Amino acid sequence: MKNKEYGWAIFPVIAIVITFFCIVSGNFFTQKISLQIGEIAKETLYAPFQVENEEATTRKKQEAEAAVENVYKKDSTIQEKAIGNIETLFRYINTIQTTEVAEQLQKSKVEVLSGRSPIGLYNEQYEILLNASSETLEQMKAICIDTASQLFAAGISQEDSNKSIEVRQAIEQTELSASLKKIAEDIINTVLEPNVVIDEVATNEQKKVARDKVDTVYVLAQEKIVEKGSRVTEEVYKLLEKVGYLDTDPASRIKQYIGIILLILLVGFLYYYYIRKTYILYNKSITRRHQNKQFSLIFILYSMALLVTRTLLGLPFVYLPLSVVCMIIAFAMGPHIAFMTHILIVIFSAVIFKGDIVFILYFIIAGIASTLIVTRMHERTKTLISAVSVGGIQFATYLALKLLIGANLSMSVVSEGIVAFIMGIISVVAVIGALPMFESLFDFVTPMQLLEMTNPNQPILKRLLIEATGTYYHSLLVANLAEAAAASIGANALLARVGGYYHDIGKLTCSNYFKENQGIINPHDYMTPKESYEVIVSHVIAGITLADEYQLPNYIKDFIRQHHGTSIMQYFYVKAQKESKEPILEKSFQYPGPKPQTRETALVMLADIVEATVRSMQDKLGREVQIEDVVRKSVKQKLEEGQLDECEIYISDLDKIIDSFTKMLTGMYHQRIAYPERNDK
């Protein structure tokens with residue numbers, strides 16, 4: 001028996017093994033190859049995920065910089081220097097002409113001028129200038145300065161520094177003599193220098209702008225990196241190294257294996273500890289057998305999610321239906337376990353896919369949204385609305401994350417967003433369609449299923465109404481009492497109501513043997529106590545048979561089995577004692593059980609006995625007995641019999657249950673005033 005109880009433990013072990021092999025065969029642990037620059041590739045290699053091609057990006061940036069033309073500026077100091085030299089030359093000429101500086105230096109005037117002139121000319125030209133009149137020299141200086149200034153203003157570049165023709169054309173239009181024109185040309189040509197130079201700061205700024213405009217070059221997932229038979233270049237080598245194909249350090253692989261094993265064990269332990277504590281805390285009513293089956297469901301779904309992730313490796317991550325698992329678990333075990341399971345799946349799926357921050361945020365947001373939406377869906381008719389809502393959230397989340405990382409809204413991004421929308425719809429439809437199968441295999445209850453079971457048009461309920469009307473209305477009262485009491489102690493009120501509806505369906509096989517369905521004749525008046533016991537107790541076994549025939553869920557069978565527990569059929573037991581002279585064993589008049597295992601089945605048991613007892617005493621209510629006293633006595637009796645020993649109902653809950661029963665029954669069986677008869681006269 002113990003081996004069967006812990007048989008589910010094989011699933012966590014399988015989940016750990018599957019996690020390890022999915023990760024080591026995924027993008028994070030790609031196959032290593034030995035390859036060097038210049039060698040020939042022995043196979044065609046593809047990128048397992050999107051990766052930046054740094055070499056190509058750098059090359060494009062260099063090309064963009066080279067395409068930028070130099071920015072030029074005028075250097076005003078060159079013009080100022082040229083004009084200054086012209087003025088200095090003519091000032092020296094004037095000084096030598098008007099002073100005796102040559103005699104003092106004991107040199108000729110030409111020698112003195114040629115030694116001091118900033119502009120180099122022939123001696124014959126110096127001599128002509130020294131012999132010219134002051135008016136002619138002033139005119140000539142002005143012409144030289146004006147002509148040079150105009151050329152500087154137009155700009156003289158390094159490539160176009162020869163301005164001889166322009167100078168000659170400008171001088172020819174003056175009134176100078178032929179000899180002075182030639183000298184003026186030489187003076188101007190000597191002082192002319194390129195004044196348009198490269199603006200280093202502005203040019204570098206333009207190059208930076210051009211470099212920044214270059215988009216990063218990526219090698220997309222499944223794009224070819226190198227073809228078989230091609231030579232491995234430095235660019236290809238760096239790409240292979242970046243995606244992890246190159247076996248640069250064999251010892252690092254062992255370290256990675258150890259690291260991932262430790263990570264799996266650590267995260268798995270924390271997760272298991274969390275679900276054990278959380279699930280027990282929030283699900284006090286569930287039995288150990290059901291807990292184990294639902295834990296098995298978690299690990300099976302988790303393993304399937306990782307296998308699907310590994311299978312779809314290479315496709316865009318929006319094709320991964322990871323939210324399916326958290327939606328199913330949310331229905332089976334609640335949102336707390338669903339959120340934590342989803343985070344676990346996202347962590348290891350990100351490792352398998354080698355996903356980035358967009359991958360992680362997308363699935364966390366999608367999982368939370370999906371869980372919140374489907375857990376509020378209590379009717380299958382609202383499947384389409386919920387599916388479109390989940391799809392819309394996934395579409396918006398994907399686009400938002402793409403914009404966050406600076407991507408453009410290209411057709412590829414929008415198309416992947418549409419895929420995310422479609423996958424959201426498919427996931428919800430698949431979950432709702434698969435729920436009945438999972439409900440049957442793993443014995444969990446969903447609000448949708450419970451609401452469907454409360455439908456009066458259920459075949460077994462319609463039959464109960466027609467063939468055992470008294471039992472039908474008794475069941476309705478029990479359902480109302482159990483539901484109200486469940487709400488008062490925090491149990492599953494809807495489950496308690498459903499249990500109340502179906503707990504007595506076994507009476508269909510012998511409805512006239514039960515007081516609520518009898519007329520004037522009571523068959524038990526003609527039967528021995530033992531025969532009566534066997535007929536009455538048979539409604540439990542008959543109820544299980546009918547539940548199988550109508551394919552009712554296992555949790556309804558639990559209500560049928562447990563709503564009497566192992567109680568003694570007191571009426572016929574006492575009757576047998578009176579009629580027999582021999583001692584009568586209690587076990588001979590005991591229900592087969594088992595005792596209630598959950599709070600909801602216990603509440604149906606208490607509601608059943610309380611309703612029957614109060615109804616049987618309704619003529620005495622108010623005058624001889626109080627409803628609260630009857631309720632308290634009935635509940636206390638079941639407590640003392642030990643019928644509540646195997647469920648999670650505490651002493652503190654009993655007062656709440658008694659108060660709830662009393663309030664409900666007082667409303668049902670309240671006293672009415674006696675109306676006087678009408679006197680027609």
# chains A, B, ... in the order shown; residues from 1 in each chain; ligands from 1
>>> select_by_dssp(residues="stretch 10-189 of chain A", states="strand (DSSP E)", output="VMD selection string")
chain A and resid 45 to 46 51 to 52 72 to 74
>>> write_last_selection(atoms="N, CA, C and O atoms", output="tab-separated table (two decimals), in the first residue's frame")
chain	number	residue	atom	x	y	z
A	45	LEU	N	27.11	24.68	-41.34
A	45	LEU	CA	26.72	25.02	-39.97
A	45	LEU	C	25.75	26.20	-39.99
A	45	LEU	O	25.95	27.18	-40.73
A	46	TYR	N	24.71	26.09	-39.18
A	46	TYR	CA	23.68	27.11	-39.09
A	46	TYR	C	23.66	27.71	-37.69
A	46	TYR	O	24.01	27.04	-36.71
A	51	VAL	N	22.40	35.93	-33.54
A	51	VAL	CA	23.66	36.38	-32.97
A	51	VAL	C	24.20	37.55	-33.79
A	51	VAL	O	24.00	37.62	-35.01
A	52	GLU	N	24.86	38.46	-33.13
A	52	GLU	CA	25.42	39.63	-33.82
A	52	GLU	C	26.69	39.25	-34.57
A	52	GLU	O	27.57	38.58	-34.03
A	72	TYR	N	35.28	71.19	-44.84
A	72	TYR	CA	36.36	72.19	-44.94
A	72	TYR	C	35.96	73.48	-44.25
A	72	TYR	O	34.78	73.80	-44.09
A	73	LYS	N	37.00	74.25	-43.92
A	73	LYS	CA	36.80	75.58	-43.35
A	73	LYS	C	37.92	76.50	-43.85
A	73	LYS	O	38.99	76.03	-44.25
A	74	LYS	N	37.70	77.83	-43.84
A	74	LYS	CA	38.70	78.80	-44.27
A	74	LYS	C	39.58	79.20	-43.09
A	74	LYS	O	39.05	79.51	-42.01
>>> select_by_dssp(residues="stretch 495-592 of chain A", states="helix (DSSP H, G or I)", output="MDAnalysis selection string")
chainID A and resid 495:502 505:513 515:517 523:526 529:549 554:562 570:579 586:589
>>> residues_around(residues="A:Tyr126", least_positions_apart="2", cutoff="10 Å", atoms="only C-alpha atoms", output="ChimeraX atom specification")
/A:93,109-114,117,120-124,128-131,183
>>> residues_around(residues="A:Ile405", least_positions_apart="4", cutoff="12 Å", atoms="only C-alpha atoms", output="list in words")
Asp356, Ile357, Val358, Phe359, Tyr398, Leu399, Ala400, Leu401 and Leu409 of chain A
>>> closest_residue(among="A:Lys61, A:Lys578, A:His474, A:Lys507", to="A:Gly543", atoms="only C-alpha atoms")
A:Lys507
>>> atom_distance(atom1="atom CA of A:Ser177", atom2="atom CA of A:Ser108")
24.8 Å
>>> closest_residue(among="A:Ile156, A:Ala67, A:Leu137, A:Ile145", to="A:Gly84", atoms="only C-alpha atoms")
A:Ile145
>>> residues_around(residues="A:Val388", least_positions_apart="5", cutoff="12 Å", atoms="only C-alpha atoms", output="PyMOL selection string")
chain A and resi 370+373-374+382-383+393-395+418+420-429
>>> write_last_selection(atoms="N, CA, C and O atoms", output="PDB file, in the first residue's frame")
ATOM      1  N   SER A 370      -2.809  34.607 -18.849  1.00  0.00           N
ATOM      2  CA  SER A 370      -3.615  33.430 -19.203  1.00  0.00           C
ATOM      3  C   SER A 370      -4.246  32.815 -17.966  1.00  0.00           C
ATOM      4  O   SER A 370      -5.426  32.464 -17.964  1.00  0.00           O
ATOM      5  N   ILE A 373      -7.093  34.969 -16.556  1.00  0.00           N
ATOM      6  CA  ILE A 373      -8.285  34.999 -17.411  1.00  0.00           C
ATOM      7  C   ILE A 373      -9.057  33.681 -17.320  1.00  0.00           C
ATOM      8  O   ILE A 373     -10.273  33.675 -17.111  1.00  0.00           O
ATOM      9  N   VAL A 374      -8.369  32.552 -17.450  1.00  0.00           N
ATOM     10  CA  VAL A 374      -9.095  31.276 -17.497  1.00  0.00           C
ATOM     11  C   VAL A 374      -9.650  30.871 -16.136  1.00  0.00           C
ATOM     12  O   VAL A 374     -10.678  30.186 -16.061  1.00  0.00           O
ATOM     13  N   LYS A 382     -17.892  30.670 -22.677  1.00  0.00           N
ATOM     14  CA  LYS A 382     -17.088  31.888 -22.760  1.00  0.00           C
ATOM     15  C   LYS A 382     -15.663  31.601 -23.232  1.00  0.00           C
ATOM     16  O   LYS A 382     -14.769  32.429 -23.070  1.00  0.00           O
ATOM     17  N   THR A 383     -15.469  30.418 -23.822  1.00  0.00           N
ATOM     18  CA  THR A 383     -14.129  30.026 -24.272  1.00  0.00           C
ATOM     19  C   THR A 383     -13.581  30.997 -25.310  1.00  0.00           C
ATOM     20  O   THR A 383     -12.424  31.416 -25.238  1.00  0.00           O
ATOM     21  N   ILE A 393      -3.527  39.815 -25.484  1.00  0.00           N
ATOM     22  CA  ILE A 393      -2.476  40.173 -24.528  1.00  0.00           C
ATOM     23  C   ILE A 393      -1.118  39.696 -25.032  1.00  0.00           C
ATOM     24  O   ILE A 393      -0.113  40.408 -24.924  1.00  0.00           O
ATOM     25  N   GLN A 394      -1.060  38.489 -25.596  1.00  0.00           N
ATOM     26  CA  GLN A 394       0.222  37.993 -26.120  1.00  0.00           C
ATOM     27  C   GLN A 394       0.705  38.846 -27.292  1.00  0.00           C
ATOM     28  O   GLN A 394       1.905  39.144 -27.402  1.00  0.00           O
ATOM     29  N   PHE A 395      -0.217  39.258 -28.160  1.00  0.00           N
ATOM     30  CA  PHE A 395       0.147  40.115 -29.290  1.00  0.00           C
ATOM     31  C   PHE A 395       0.701  41.452 -28.801  1.00  0.00           C
ATOM     32  O   PHE A 395       1.768  41.903 -29.235  1.00  0.00           O
ATOM     33  N   ILE A 418       1.299  38.404 -34.819  1.00  0.00           N
ATOM     34  CA  ILE A 418       0.053  37.726 -35.201  1.00  0.00           C
ATOM     35  C   ILE A 418       0.114  36.249 -34.820  1.00  0.00           C
ATOM     36  O   ILE A 418      -0.877  35.666 -34.366  1.00  0.00           O
ATOM     37  N   ALA A 420       1.753  35.092 -32.295  1.00  0.00           N
ATOM     38  CA  ALA A 420       1.542  35.081 -30.838  1.00  0.00           C
ATOM     39  C   ALA A 420       0.046  35.158 -30.516  1.00  0.00           C
ATOM     40  O   ALA A 420      -0.442  34.473 -29.613  1.00  0.00           O
ATOM     41  N   PHE A 421      -0.677  35.982 -31.256  1.00  0.00           N
ATOM     42  CA  PHE A 421      -2.127  36.100 -31.060  1.00  0.00           C
ATOM     43  C   PHE A 421      -2.834  34.776 -31.348  1.00  0.00           C
ATOM     44  O   PHE A 421      -3.661  34.301 -30.559  1.00  0.00           O
ATOM     45  N   ILE A 422      -2.477  34.158 -32.457  1.00  0.00           N
ATOM     46  CA  ILE A 422      -3.107  32.882 -32.840  1.00  0.00           C
ATOM     47  C   ILE A 422      -2.765  31.790 -31.836  1.00  0.00           C
ATOM     48  O   ILE A 422      -3.629  30.980 -31.450  1.00  0.00           O
ATOM     49  N   MET A 423      -1.514  31.758 -31.373  1.00  0.00           N
ATOM     50  CA  MET A 423      -1.114  30.737 -30.401  1.00  0.00           C
ATOM     51  C   MET A 423      -1.868  30.910 -29.082  1.00  0.00           C
ATOM     52  O   MET A 423      -2.188  29.923 -28.401  1.00  0.00           O
ATOM     53  N   GLY A 424      -2.161  32.152 -28.709  1.00  0.00           N
ATOM     54  CA  GLY A 424      -2.954  32.389 -27.506  1.00  0.00           C
ATOM     55  C   GLY A 424      -4.354  31.799 -27.632  1.00  0.00           C
ATOM     56  O   GLY A 424      -4.857  31.147 -26.704  1.00  0.00           O
ATOM     57  N   ILE A 425      -4.977  31.998 -28.792  1.00  0.00           N
ATOM     58  CA  ILE A 425      -6.314  31.445 -29.018  1.00  0.00           C
ATOM     59  C   ILE A 425      -6.268  29.917 -29.007  1.00  0.00           C
ATOM     60  O   ILE A 425      -7.086  29.252 -28.360  1.00  0.00           O
ATOM     61  N   ILE A 426      -5.294  29.355 -29.738  1.00  0.00           N
ATOM     62  CA  ILE A 426      -5.177  27.893 -29.809  1.00  0.00           C
ATOM     63  C   ILE A 426      -4.939  27.299 -28.421  1.00  0.00           C
ATOM     64  O   ILE A 426      -5.504  26.251 -28.067  1.00  0.00           O
ATOM     65  N   SER A 427      -4.117  27.960 -27.609  1.00  0.00           N
ATOM     66  CA  SER A 427      -3.798  27.437 -26.277  1.00  0.00           C
ATOM     67  C   SER A 427      -5.043  27.336 -25.405  1.00  0.00           C
ATOM     68  O   SER A 427      -5.278  26.311 -24.754  1.00  0.00           O
ATOM     69  N   VAL A 428      -5.853  28.398 -25.380  1.00  0.00           N
ATOM     70  CA  VAL A 428      -7.055  28.384 -24.541  1.00  0.00           C
ATOM     71  C   VAL A 428      -8.038  27.325 -25.033  1.00  0.00           C
ATOM     72  O   VAL A 428      -8.599  26.550 -24.234  1.00  0.00           O
ATOM     73  N   VAL A 429      -8.264  27.261 -26.348  1.00  0.00           N
ATOM     74  CA  VAL A 429      -9.189  26.270 -26.903  1.00  0.00           C
ATOM     75  C   VAL A 429      -8.702  24.857 -26.596  1.00  0.00           C
ATOM     76  O   VAL A 429      -9.493  23.974 -26.228  1.00  0.00           O
TER      77      VAL A 429
END
>>> closest_residue(among="A:Asn522, A:Thr371, A:Asn70, A:Asn292", to="A:Leu322", atoms="only C-alpha atoms")
A:Thr371
>>> residues_around(residues="stretch 448-463 of chain A", least_positions_apart="6", cutoff="12 Å", atoms="only C-alpha atoms", output="PyMOL selection string")
chain A and resi 331-332+374-383+432+435-440+469+471-473+475-476+479-480+492-509+511+543+546-553+555-556
>>> residues_around(residues="A:Gly38", least_positions_apart="6", cutoff="9 Å", atoms="only C-alpha atoms", output="short mmCIF file (atom, residue, chain, number, x, y, z; two decimals) with all heavy atoms, in the first residue's frame")
data_model
loop_
_atom_site.label_atom_id
_atom_site.label_comp_id
_atom_site.auth_asym_id
_atom_site.auth_seq_id
_atom_site.Cartn_x
_atom_site.Cartn_y
_atom_site.Cartn_z
N ARG A 231 36.13 27.93 -46.96
CA ARG A 231 37.24 28.22 -46.07
C ARG A 231 36.73 29.04 -44.88
O ARG A 231 35.92 29.94 -45.03
CB ARG A 231 38.34 28.97 -46.81
CG ARG A 231 39.64 29.16 -46.00
CD ARG A 231 40.71 29.83 -46.85
NE ARG A 231 41.05 29.02 -48.00
CZ ARG A 231 41.91 27.99 -47.98
NH1 ARG A 231 42.52 27.68 -46.83
NH2 ARG A 231 42.18 27.30 -49.06
N VAL A 232 37.23 28.72 -43.71
CA VAL A 232 36.82 29.42 -42.50
C VAL A 232 37.62 30.72 -42.39
O VAL A 232 38.84 30.70 -42.21
CB VAL A 232 37.05 28.55 -41.25
CG1 VAL A 232 36.70 29.33 -39.99
CG2 VAL A 232 36.21 27.27 -41.33
N THR A 233 36.93 31.84 -42.50
CA THR A 233 37.57 33.15 -42.35
C THR A 233 37.54 33.56 -40.87
O THR A 233 36.93 32.89 -40.03
CB THR A 233 36.83 34.20 -43.18
OG1 THR A 233 35.49 34.32 -42.69
CG2 THR A 233 36.79 33.80 -44.65
N GLU A 234 38.22 34.66 -40.60
CA GLU A 234 38.22 35.16 -39.22
C GLU A 234 36.81 35.54 -38.78
O GLU A 234 36.43 35.30 -37.63
CB GLU A 234 39.16 36.37 -39.12
CG GLU A 234 39.30 36.90 -37.70
CD GLU A 234 40.29 38.05 -37.60
OE1 GLU A 234 40.92 38.37 -38.63
OE2 GLU A 234 40.41 38.62 -36.51
#
